[in-house]
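Q: Dropping the structure in here first, questions after.
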Amino acid sequence: MTTGNRIRIADLLSEVEDTSFVGREEECAAFLQSVKDTSSPLVWLSVEGPGGIGKSALLRRFATIATSAGVPVALLDASTLEPAPAILQARVAESLGENPLERLDSSGRFVLMFDGFETLSPLTNWFFGSYMPELPRTALVVTAARRAPPIRSVPTAVRSLSKVLRLRNLAPDEITEALTRRAVDSRFFEEVKALTLGHPLALAIAADAIVQSGTLGIEERAEVIAALLDRILDSTPDPKQRFALEMASHARVTSEALLVEVFGEAEGAALFRWLRGLSFMDVGPEGLLPHDLAREVIHHDLFWRNRTRFGQVHQRVRAFYVERYSHGSRMEREAALRDLVYLHRLNPILSRYFEFRTVGQCYAEPANEHDHEAIVSLVDRHEGAEAASAARHWLRRQPGAFIALRDGRSPLAGFFCSLDLTAVTAADEEADSTVALARSEAERRAPVRPGEAAIFGRFLIAAETYQQPSPELTVLQIQSYLGWLTTPALSWSFLVVARDAGMDDLFRYIDFESITQLPSAEGRSFTLYAHDWRKVNPAAWLQLMEAREIDTELRPSDLRAPAMEMVVLSPEAFREAVRDALRNLRTPASLARSPLLRSGLLARSGGPSSYDRLVRCILDAAEAMRAEPKSEKFFRALEVTYLKAAPTQELAAERLGLPFGTYRYRLSVATDRIADRLWEQELASAG
């Protein structure tokens with residue numbers, strides 16, 4: 001307000017605020033409609049959101065809108081009010097110039113607004129149960145708070161006449177507008193977007209820092225984070241609450257089960273209730289999720305402040321997911337794998353390819369017949385008619401290989417096709433030369449052995465973005481990982497990807513080799529990638545991924561294959577290796593050269609010495625054979641020859657009291673049975 005020609009500082013501040021306010025168009029439109037429509041049954045508008053999200057600024061904008069419409073408005077800062085009914089009524093009357101309880105015969109609209117309404121929590125029962133019902137029919141009450149009033153404090157009738165406005169971060173175009181209005185150099189726009197995620201307070205602090213210093217360095221970032229931490233946390237939590245909060249910022253989603261695993265039954269449940277009550281926590285179908293900026297601020301503050309503690313948080317969270325992955329149902333394993341992938345979000349390589357904040361927003365399920373035409377259409381759109389013909393062929397031959405992606409907005413948000421290579425026929429290879437190439441590469445490098453599986457990811461397509469980073473592609477890739485890790489006795493995984501998708505670093509990161517470039521088709525070239533799970537099995541692969549999860553300085557040139565890859569032995573070579581191992585069972589120097597030491601046989605056994613582990617595997621197999629009722633005579637031949645090491649086979653036959661021919665027969669049967677049992681373990685090691 002001006003006096004004569006004089007302009008107050010307050011007027012200047014109001015002009016600055018009007019200039020800097022951006023976004024919230026839907027909220028402002030909803031308020032204006034409520035102000036104009038006096039016949040509307042709406043009596044309460046609840047604005048909710050975490051600290052710094054812009055609730056106060058929005059209420060001030062609401063006040064401007066109401067005043068411009070000629071509607072009386074009272075805007076009170078609840079944090080300055082003593083929580084007493086008489087004081088609240090007096091302040092409202094003072095702001096409006098009259099007591100609204102005396103306006104029952106008035107037909108004019110008026111608005112009562114309370115910022116920081118959570119500070120009036122002692123009055124909520126009185127406010128909603130006694131005060132609001134006595135207001136004139138034309139009153140509109142607006143409250144702004146970090147969290148909604150408790151359900152028990154608000155009568156059902158009041159809730160039925162209310163509307164909730166939950167404030168979120170600003171959209172990318174709104175961020176650009178806000179920074180432009182604050183005269184921030186456009187070269188900082190993307191950096192500020194990444195740092196603030198569109199949080200209004202963070203934007204304001206970052207913008208001011210840039211304007212003042214001309215940069216957004218470590219000091220300016222620390223200033224943003226420190227200011228946001230003060231707003232995010234209502235009070236300083238105790239050490240266990242702090243650790244639970246740090247876990248919640250690190251995990252994709254925080255369940256009570258996760259906290260119980262770390263803190264115990266009673267404390268875990270209590271900490272879950274505490275987290276649930278925080279203003280910046282959302283409740284999702286799987287558990288609690290911090291608002292994006294709160295997550296990043298807490299997470300990065302810990303990473304910067306205490307790297308050792310950060311590692312402890314990571315290990316606690318990861319151990320819970322690995323346990324659930326190792327022993328859960330398929331659905332639990334899929335969720336655990338999503339959670340494990342999420343732990344890579346700080347890695348500079350994988351973060352280029354995955355939309356980590358959207359993990360869980362789409363879901364996958366087996367494709368059905370209604371998806372078939374849409375699948376063919378997507379392939380034709382992104383890869384051309386020849387590939388679409390191949391897709392139609394595989395929909396007839398292996399319809400169960402197709403996984404459909406749903407997002408709730410469209411019938412088919414994308415799909416993934418994982419073919420069973422062991423079921424491919426010559427006719428299939430003729431219909432799709434890409435599959436023929438994958439099969440020939442497997443045969444040339446290390447053939448698929450009897451009893452083993454091999455899969456080929458033939459199509460990987462997000463409907464709108466194809467193979468560029470997107471929420472849909474992230475979910476599809478996790479689905480492919482799940483297939484690799486849960487297929488029993490898996491030998492090869494192949495995947496074909498468009499060259500212009502630029503995924504070379506991603507596949508090196510996940511230990512897939514670029515096998516060959518496929519011939520160009522209809523203007524698009526493809527690369528065939530592969531991983532031999534007999535050389536680096538799922539357990540070893542997960543260990544490799546663990547080493548890369550929180551490596552924030554990893555570069556593509558740093559990516560290395562595991563220290564020792566497995567060898568892939570044919571059935572005949574494996575059987576011969578078992579015979580040699582039995583002959584050298586008591587000769588460590590000779591046994592140390594056995595190819596079995598680098599086979600899948602030892603992948604699931606533990607112990608410090610490879611030699612000892614191999615001996616233990618053989619002895620365990622022998623003991624199992626001995627326990628079989630009809631196998632003891634064969635075991636005796638094996639025992640005398642190798643376990644008790646008779647100098648010669650002739651002496652072994654003599655000790656057993658057997659003709660030499662009978663002895664040789666029994667020893668051969670025993671050796672074959674040991675080899676068969678160990679071969680089963682070899683095949684199982686990849687599953």
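Numbering starts fresh at 1 for the residues of each chain in the structure tokens, the chains themselves are lettered A, B, ... in the order given, and ligands are numbered from 1 as they appear.
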Can you list, as a VMD selection string, every protein, DNA or RNA residue that comes within 12 Å of Leu601 of chain A when you count only C-alpha atoms, leaving out same-chain residues fewer than 3 positions away?

A: chain A and resid 489 534 to 535 537 566 to 569 574 577 to 578 594 to 598 604 to 606 610 613 to 618 621 675 to 686

Q: Can you list, as a list in words, all residues belonging to segment 96-168 of chain A that DSSP tags as strand (DSSP E)?

A: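 So the strand (DSSP E) residues in segment 96-168 of chain A would be Phe110, Val111, Leu112, Met113, Phe114, Asp115, Ala139, Leu140, Val141, Val142, Thr143, Ala144, Ala145, Ser162, Lys163, Val164, Leu165 and Arg166 of chain A.
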
Q: Could you pull the residues within 6 Å of segment 241-255 of chain A, counting only C-alpha atoms, minus those fewer than 5 positions along the same chain, as a list in words?

A: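 Skipping anything fewer than 5 positions along the chain leaves Gly287, Leu288, Leu289, Arg295, His299, Val313 and Asp339 of chain A.
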
Q: For a quick check of understanding, using only C-alpha atoms, which of A:Glu265, A:Arg666, A:Trp274, A:Arg146 has the smallest distance to Glu632 of chain A?

A: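 Nearest to Glu632 of chain A: A:Arg666.
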
Q: Quick one: DSSP helix (DSSP H, G or I) residues in segment 126-326 of chain A, as a ChimeraX atom specification?

A: /A:126-134,151-153,156-160,172-181,186-196,200-213,218-232,239-250,256-263,265-276,292-305,307-326

Q: Rounded to one decimal place, report the atom CA of Thr124 of chain A-atom CA of Ser79 of chain A distance in Å.

A: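 Going from atom CA of Thr124 of chain A over to atom CA of Ser79 of chain A, I get 14.1 Å.
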
Q: Can you check which parts of segment 18-37 of chain A lie within 9 Å of segment 50-69 of chain A? Per residue, the shortest pair of atoms and distance in Å to one decimal, counting only C-alpha atoms, sorted by chain and number, as a Markdown table.

A:
```
| residue | atom | partner | partner_atom | distance |
| --- | --- | --- | --- | --- |
| A:Asp18 | CA | A:Arg61 | CA | 8.0 |
| A:Phe21 | CA | A:Ala57 | CA | 7.6 |
| A:Arg24 | CA | A:Leu58 | CA | 7.7 |
| A:Glu27 | CA | A:Leu58 | CA | 8.4 |
| A:Cys28 | CA | A:Phe62 | CA | 6.8 |
| A:Phe31 | CA | A:Phe62 | CA | 7.0 |
| A:Leu32 | CA | A:Ile65 | CA | 6.9 |
| A:Val35 | CA | A:Ala66 | CA | 6.9 |
| A:Lys36 | CA | A:Ala69 | CA | 8.0 |
```

Q: Would you list the contacts of Arg338 of chain A as a PyMOL selection string, taking every protein, DNA or RNA residue within 10 Å and counting only C-alpha atoms, but skipping same-chain residues closer than 2 positions in sequence?

A: chain A and resi 252+321+332-336+340-343+356+359-360+474-475+478-479+481-482

Q: Can I get the selected residues back with C-alpha atoms, as a tab-separated table (two decimals), in the first residue's frame?

A:
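Written out: selection.tsv:
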```
chain	number	residue	atom	x	y	z
A	252	ARG	CA	14.24	-47.08	-2.93
A	321	TYR	CA	17.75	-56.83	-0.26
A	332	GLU	CA	9.88	-60.72	-3.83
A	333	ARG	CA	13.00	-61.40	-5.89
A	334	GLU	CA	11.80	-59.02	-8.57
A	335	ALA	CA	11.20	-56.29	-5.98
A	336	ALA	CA	14.59	-56.98	-4.37
A	340	LEU	CA	19.45	-53.48	-5.74
A	341	VAL	CA	19.51	-51.70	-9.09
A	342	TYR	CA	18.37	-48.51	-7.33
A	343	LEU	CA	21.49	-48.62	-5.15
A	356	PHE	CA	16.14	-44.23	-10.88
A	359	VAL	CA	11.61	-47.21	-10.58
A	360	GLY	CA	8.36	-48.86	-9.53
A	474	THR	CA	14.52	-48.90	-16.80
A	475	VAL	CA	11.76	-51.37	-15.88
A	478	ILE	CA	15.34	-54.84	-14.76
A	479	GLN	CA	13.03	-57.49	-16.22
A	481	TYR	CA	18.20	-58.87	-15.42
A	482	LEU	CA	15.62	-60.89	-13.52
```

Q: List the neighbours of Val43 of chain A out to 10 Å using only C-alpha atoms; skip same-chain residues closer than 6 positions along the sequence, and give me the result as a PDB file with C-alpha atoms, in the first residue's frame.

A:
```pdb
ATOM      1  CA  SER A  34     -13.846 -21.567  -4.996  1.00  0.00           C
ATOM      2  CA  VAL A 111     -11.724 -16.122   3.158  1.00  0.00           C
ATOM      3  CA  MET A 132     -15.881 -23.817  11.600  1.00  0.00           C
ATOM      4  CA  PRO A 133     -19.491 -25.057  11.869  1.00  0.00           C
ATOM      5  CA  LEU A 135     -19.033 -19.634  10.423  1.00  0.00           C
ATOM      6  CA  ARG A 137     -22.169 -20.346   4.765  1.00  0.00           C
ATOM      7  CA  THR A 138     -20.133 -17.984   2.570  1.00  0.00           C
ATOM      8  CA  ALA A 139     -16.869 -18.527   4.461  1.00  0.00           C
ATOM      9  CA  LEU A 140     -13.971 -20.379   2.847  1.00  0.00           C
ATOM     10  CA  VAL A 141     -11.252 -21.648   5.192  1.00  0.00           C
ATOM     11  CA  VAL A 142      -7.767 -22.262   3.761  1.00  0.00           C
ATOM     12  CA  VAL A 158     -16.092 -31.392   7.163  1.00  0.00           C
ATOM     13  CA  ARG A 159     -13.825 -33.695   5.195  1.00  0.00           C
ATOM     14  CA  SER A 160     -16.586 -34.346   2.677  1.00  0.00           C
ATOM     15  CA  LEU A 161     -16.714 -30.589   1.980  1.00  0.00           C
ATOM     16  CA  SER A 162     -12.951 -30.165   1.630  1.00  0.00           C
ATOM     17  CA  LYS A 163     -10.316 -30.233  -1.086  1.00  0.00           C
TER      18      LYS A 163
END
```

Q: For the atom pair atom CA of Thr156 of chain A and atom CA of Tyr131 of chain A, what is the interatomic distance in Å to one decimal place?

A: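 So the two atoms, atom CA of Thr156 of chain A and atom CA of Tyr131 of chain A, lie 15.4 Å apart.
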
Q: Just the number, please: distance in Å from atom CA of Gln543 of chain A to atom CA of Trp304 of chain A, one decimal.

A: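 Rounded to one decimal, the two atoms are 25.2 Å apart.
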
Q: Between A:Asp292, A:Glu373, A:Glu355, A:Glu650, which residue has the minimum interatomic distance to Ser470 of chain A, considering only C-alpha atoms?

A: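 Checking each candidate against Ser470 of chain A, we get A:Glu355 as the closest.
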
Q: I'd like to know which of A:Asp505, A:Glu639, A:Asp532, A:Asp511 is closest to Ala442 of chain A, using only C-alpha atoms.

A: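 Looking only at the distances to Ala442 of chain A, the closest residue turns out to be A:Asp532.
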